[in-house]
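Presented below is the structure to which this report refers.
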Amino acid sequence: SHPRVNSCPARKSRSCEVVPTMAALASLRRAAPIAARAAARRTMATEKEIAMRIASTKNIRKITSSMKMVSAAKLRGEQNRLEAAKKFAAWTSVLDEPSTPLEDYEGTEGLADHSVVVAISSDKGLCGGVHSAVARGLRTINARLKTDNKTMSVIAVGEKGRSQLRRMVGDSLTAAFVNIPPPYNFGYASTVAQTALETDAEKAGAIAVVYNVFVSAIAYAPTIKTISPFVTEGDGVTLTEYDADDDVLKGLHEYYLATEIFYGMMEGATSEQSSRMQAMENATKNAGELIDKLTLVYNRARQARITTELIEIISGASALE
């Protein structure tokens with residue numbers, strides 16, 4: 001018997017053409033689902049990641065919106081306390097010059113060869129540039145003092161102020177008050193004033209208080225208030241219209257300093273709440289814009305996946321015909 005040989009004549013018949021065509025279709029059927037599943041996995045992973053980002057951004061928007069409403073409620077309370085503090089500190093206007101905004105403060109006017117500076121901030125963040133404004137202002141003052149061969153000792157009120165001042169004027173930072181529970185009261189201010197009076201008492205001249213002044217719900221102004229010691233002897237005697245003993249004037253000076261620090265705390269707390277309210281409003285707005293952009297990307301990815309699947313289905317159907 002002769003071995004069977006699978007061969008076709010020179011002129012190919014229809015039966016000979018079916019074998020390679022069916023083999024190609026079989027391989028296409030096996031490969032198409034695998035490619036479709038791989039593409040689906042890539043697209044689905046991308047869609048899932050985008051959906052997770054949208055969900056997390058929505059949660060952030062809820063948090064920032066809630067913080068904005070909380071800050072708005074606290075702002076009203078701080079404004080009431082500030083109005084009371086203004087009346088409480090009104091008597092100090094007859095003792096010295098008014099406070100000066102840092103942007104209008106030139107040179108080292110009012111500061112002695114060595115001064116003690118009380119920088120008022122707070123322990124909490126997420127309130128825009130409130131704390132940075134005080135720290136940058138002190139950095140500028142410190143540079144001017146070095147130019148004039150003067151020095152200063154800094155007392156920070158608030159953890160945020162201490163952390164920034166440690167980087168900017170770390171060699172001048174001598175003390176800090178942190179973890180002070182709000183709202184501030186006159187007792188805390190008196191403690192800070194006593195520390196300021198005891199810091200470098202032998203060589204310190206003036207004591208300055210740097211804080212933010214509340215202007216409006218969307219604005220604040222970093223300000224410096226210089227408190228010079230009362231002079232009872234010599235040519236530059238102060239308070240000449242008052243006849244009082246030295247002990248009385250000393251006590252008046254301490255009370256004057258504590259009052260100014262307390263007033264600066266009230267101004268700073270109000271500025272902080274207004275700035276936090278504005279910062280949370282901006283964060284909520286930015287989160288909404290990001291959600292819109294991510295939703296657009298998600299819809300595009302979903303449409304691309306659906307289009308790819310339709311093309312594969314149509315291509316497979318066409319191949320089977």
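In the structure tokens, chains take the letters A, B, ... in the order shown, each chain's residues start at 1, and ligands count up from 1 in the order shown.
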Report task. Write down as a VMD selection string the residues belonging to segment 60-260 of chain A that are assigned helix (DSSP H, G or I) by DSSP computed on the backbone. Result -> chain A and resid 60 to 88 90 to 94 102 to 104 130 to 147 159 to 168 186 to 198 246 to 260
Take the residues from that selection and put them in a file with C-alpha atoms, as a PDB file, in the first residue's frame.
```
ATOM      1  CA  ILE A  60     -12.732  66.263  51.406  1.00  0.00           C
ATOM      2  CA  ARG A  61     -15.266  68.772  50.087  1.00  0.00           C
ATOM      3  CA  LYS A  62     -17.704  67.764  52.817  1.00  0.00           C
ATOM      4  CA  ILE A  63     -15.016  68.252  55.470  1.00  0.00           C
ATOM      5  CA  THR A  64     -13.893  71.658  54.208  1.00  0.00           C
ATOM      6  CA  SER A  65     -17.489  72.827  53.852  1.00  0.00           C
ATOM      7  CA  SER A  66     -18.201  71.798  57.457  1.00  0.00           C
ATOM      8  CA  MET A  67     -15.024  73.523  58.676  1.00  0.00           C
ATOM      9  CA  LYS A  68     -16.087  76.681  56.876  1.00  0.00           C
ATOM     10  CA  MET A  69     -19.431  76.713  58.691  1.00  0.00           C
ATOM     11  CA  VAL A  70     -17.739  76.009  62.035  1.00  0.00           C
ATOM     12  CA  SER A  71     -15.263  78.857  61.451  1.00  0.00           C
ATOM     13  CA  ALA A  72     -18.118  81.205  60.531  1.00  0.00           C
ATOM     14  CA  ALA A  73     -19.857  80.411  63.817  1.00  0.00           C
ATOM     15  CA  LYS A  74     -16.626  80.828  65.797  1.00  0.00           C
ATOM     16  CA  LEU A  75     -15.888  84.084  63.981  1.00  0.00           C
ATOM     17  CA  ARG A  76     -19.051  85.651  65.370  1.00  0.00           C
ATOM     18  CA  GLY A  77     -17.982  84.697  68.890  1.00  0.00           C
ATOM     19  CA  GLU A  78     -14.468  86.042  68.368  1.00  0.00           C
ATOM     20  CA  GLN A  79     -15.851  89.318  67.007  1.00  0.00           C
ATOM     21  CA  ASN A  80     -17.955  89.749  70.146  1.00  0.00           C
ATOM     22  CA  ARG A  81     -14.926  89.112  72.348  1.00  0.00           C
ATOM     23  CA  LEU A  82     -12.870  91.513  70.234  1.00  0.00           C
ATOM     24  CA  GLU A  83     -15.422  94.296  70.697  1.00  0.00           C
ATOM     25  CA  ALA A  84     -15.264  93.768  74.440  1.00  0.00           C
ATOM     26  CA  ALA A  85     -11.435  93.751  74.326  1.00  0.00           C
ATOM     27  CA  LYS A  86     -11.389  97.053  72.425  1.00  0.00           C
ATOM     28  CA  LYS A  87     -13.373  98.711  75.193  1.00  0.00           C
ATOM     29  CA  PHE A  88     -11.198  97.035  77.806  1.00  0.00           C
ATOM     30  CA  ALA A  90      -9.204 101.751  75.184  1.00  0.00           C
ATOM     31  CA  TRP A  91      -7.428 103.423  78.134  1.00  0.00           C
ATOM     32  CA  THR A  92      -3.975 102.437  76.777  1.00  0.00           C
ATOM     33  CA  SER A  93      -4.283 104.905  73.873  1.00  0.00           C
ATOM     34  CA  VAL A  94      -3.307 107.816  76.157  1.00  0.00           C
ATOM     35  CA  LEU A 102       4.236  96.087  59.465  1.00  0.00           C
ATOM     36  CA  GLU A 103       4.007  97.218  55.846  1.00  0.00           C
ATOM     37  CA  ASP A 104       4.278 100.829  57.066  1.00  0.00           C
ATOM     38  CA  VAL A 130      -1.996  84.211  59.237  1.00  0.00           C
ATOM     39  CA  HIS A 131       0.955  82.694  61.071  1.00  0.00           C
ATOM     40  CA  SER A 132       3.348  83.171  58.161  1.00  0.00           C
ATOM     41  CA  ALA A 133       2.579  86.899  58.060  1.00  0.00           C
ATOM     42  CA  VAL A 134       3.756  87.341  61.664  1.00  0.00           C
ATOM     43  CA  ALA A 135       6.845  85.179  61.144  1.00  0.00           C
ATOM     44  CA  ARG A 136       7.886  86.955  57.946  1.00  0.00           C
ATOM     45  CA  GLY A 137       7.396  90.332  59.591  1.00  0.00           C
ATOM     46  CA  LEU A 138       9.675  89.337  62.462  1.00  0.00           C
ATOM     47  CA  ARG A 139      12.270  88.016  60.037  1.00  0.00           C
ATOM     48  CA  THR A 140      12.345  91.409  58.321  1.00  0.00           C
ATOM     49  CA  ILE A 141      12.619  93.237  61.655  1.00  0.00           C
ATOM     50  CA  ASN A 142      15.416  90.922  62.750  1.00  0.00           C
ATOM     51  CA  ALA A 143      17.383  91.686  59.572  1.00  0.00           C
ATOM     52  CA  ARG A 144      16.985  95.422  60.159  1.00  0.00           C
ATOM     53  CA  LEU A 145      18.100  95.098  63.778  1.00  0.00           C
ATOM     54  CA  LYS A 146      21.247  93.256  62.710  1.00  0.00           C
ATOM     55  CA  THR A 147      21.967  96.030  60.214  1.00  0.00           C
ATOM     56  CA  GLU A 159       2.834  76.229  68.243  1.00  0.00           C
ATOM     57  CA  LYS A 160       2.494  77.368  64.624  1.00  0.00           C
ATOM     58  CA  GLY A 161       4.345  80.581  65.326  1.00  0.00           C
ATOM     59  CA  ARG A 162       7.063  78.764  67.260  1.00  0.00           C
ATOM     60  CA  SER A 163       7.696  76.237  64.464  1.00  0.00           C
ATOM     61  CA  GLN A 164       8.067  78.975  61.842  1.00  0.00           C
ATOM     62  CA  LEU A 165      10.097  81.336  64.022  1.00  0.00           C
ATOM     63  CA  ARG A 166      12.431  78.492  64.908  1.00  0.00           C
ATOM     64  CA  ARG A 167      13.368  78.283  61.237  1.00  0.00           C
ATOM     65  CA  MET A 168      13.465  82.028  60.529  1.00  0.00           C
ATOM     66  CA  PHE A 186      -6.412  87.917  80.579  1.00  0.00           C
ATOM     67  CA  GLY A 187      -4.755  85.317  82.818  1.00  0.00           C
ATOM     68  CA  TYR A 188      -2.802  83.864  79.896  1.00  0.00           C
ATOM     69  CA  ALA A 189      -1.876  87.354  78.754  1.00  0.00           C
ATOM     70  CA  SER A 190      -0.588  88.226  82.216  1.00  0.00           C
ATOM     71  CA  THR A 191       1.609  85.116  82.246  1.00  0.00           C
ATOM     72  CA  VAL A 192       3.099  86.037  78.879  1.00  0.00           C
ATOM     73  CA  ALA A 193       3.623  89.644  80.020  1.00  0.00           C
ATOM     74  CA  GLN A 194       5.425  88.511  83.173  1.00  0.00           C
ATOM     75  CA  THR A 195       7.742  86.304  81.096  1.00  0.00           C
ATOM     76  CA  ALA A 196       8.453  89.184  78.723  1.00  0.00           C
ATOM     77  CA  LEU A 197       9.349  91.489  81.622  1.00  0.00           C
ATOM     78  CA  GLU A 198      11.683  88.877  83.112  1.00  0.00           C
ATOM     79  CA  ASP A 246       7.708 104.377  91.261  1.00  0.00           C
ATOM     80  CA  ASP A 247       5.984 101.195  92.449  1.00  0.00           C
ATOM     81  CA  VAL A 248       2.669 102.450  91.103  1.00  0.00           C
ATOM     82  CA  LEU A 249       4.207 103.273  87.728  1.00  0.00           C
ATOM     83  CA  LYS A 250       5.887  99.872  87.642  1.00  0.00           C
ATOM     84  CA  GLY A 251       2.585  98.142  88.287  1.00  0.00           C
ATOM     85  CA  LEU A 252       0.910 100.344  85.669  1.00  0.00           C
ATOM     86  CA  HIS A 253       3.534  99.359  83.113  1.00  0.00           C
ATOM     87  CA  GLU A 254       3.002  95.654  83.805  1.00  0.00           C
ATOM     88  CA  TYR A 255      -0.768  96.056  83.508  1.00  0.00           C
ATOM     89  CA  TYR A 256      -0.318  98.093  80.338  1.00  0.00           C
ATOM     90  CA  LEU A 257       1.807  95.335  78.756  1.00  0.00           C
ATOM     91  CA  ALA A 258      -0.629  92.573  79.781  1.00  0.00           C
ATOM     92  CA  THR A 259      -3.521  94.574  78.356  1.00  0.00           C
ATOM     93  CA  GLU A 260      -1.780  95.053  75.011  1.00  0.00           C
TER      94      GLU A 260
END
```
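All residues of protein, DNA or RNA that reach within 10 Å of Ala279 of chain A, judged by only C-alpha atoms and not counting those fewer than 2 positions away in the chain, are Thr64, Met67, Lys68, Leu126, Cys127, Gly128, Gly129, Ile218, Gln273, Ser274, Ser275, Arg276, Met277, Glu281, Asn282, Ala283, Thr284 and Lys285 of chain A.
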Requested in this report: Give the strand (DSSP E or B) residues of segment 199-298 of chain A, as assigned by DSSP on the backbone, as a VMD selection string.
Outcome: chain A and resid 207 to 216 219 to 227
Just to be explicit: take each residue in the selection above, keep C-alpha atoms, and write the result as a short mmCIF file (atom, residue, chain, number, x, y, z; two decimals), in the first residue's frame.
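Listing of result.cif after writing:
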```
data_model
loop_
_atom_site.label_atom_id
_atom_site.label_comp_id
_atom_site.auth_asym_id
_atom_site.auth_seq_id
_atom_site.Cartn_x
_atom_site.Cartn_y
_atom_site.Cartn_z
CA ILE A 207 8.90 95.38 74.51
CA ALA A 208 7.09 94.93 71.19
CA VAL A 209 3.98 92.90 70.44
CA VAL A 210 3.45 91.59 66.90
CA TYR A 211 -0.01 90.31 65.96
CA ASN A 212 -2.62 90.32 63.19
CA VAL A 213 -5.30 93.01 63.29
CA PHE A 214 -8.74 91.98 62.08
CA VAL A 215 -9.83 94.23 59.20
CA SER A 216 -12.76 92.34 57.67
CA ALA A 219 -8.59 90.75 55.29
CA TYR A 220 -6.15 91.17 58.19
CA ALA A 221 -3.04 93.28 58.76
CA PRO A 222 0.15 92.24 60.62
CA THR A 223 0.87 94.96 63.17
CA ILE A 224 3.53 95.88 65.69
CA LYS A 225 2.93 97.70 68.96
CA THR A 226 5.99 99.01 70.80
CA ILE A 227 5.75 99.52 74.55
#
```
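Checking A:Leu173, A:Ala301, A:Ala89, A:Ala206 one by one against Glu109 of chain A, counting only C-alpha atoms, you find the shortest gap at A:Ala206.
Taking atom CA of Ala55 of chain A as the reference point, atom CA of Arg302 of chain A is found at 16.7 Å.
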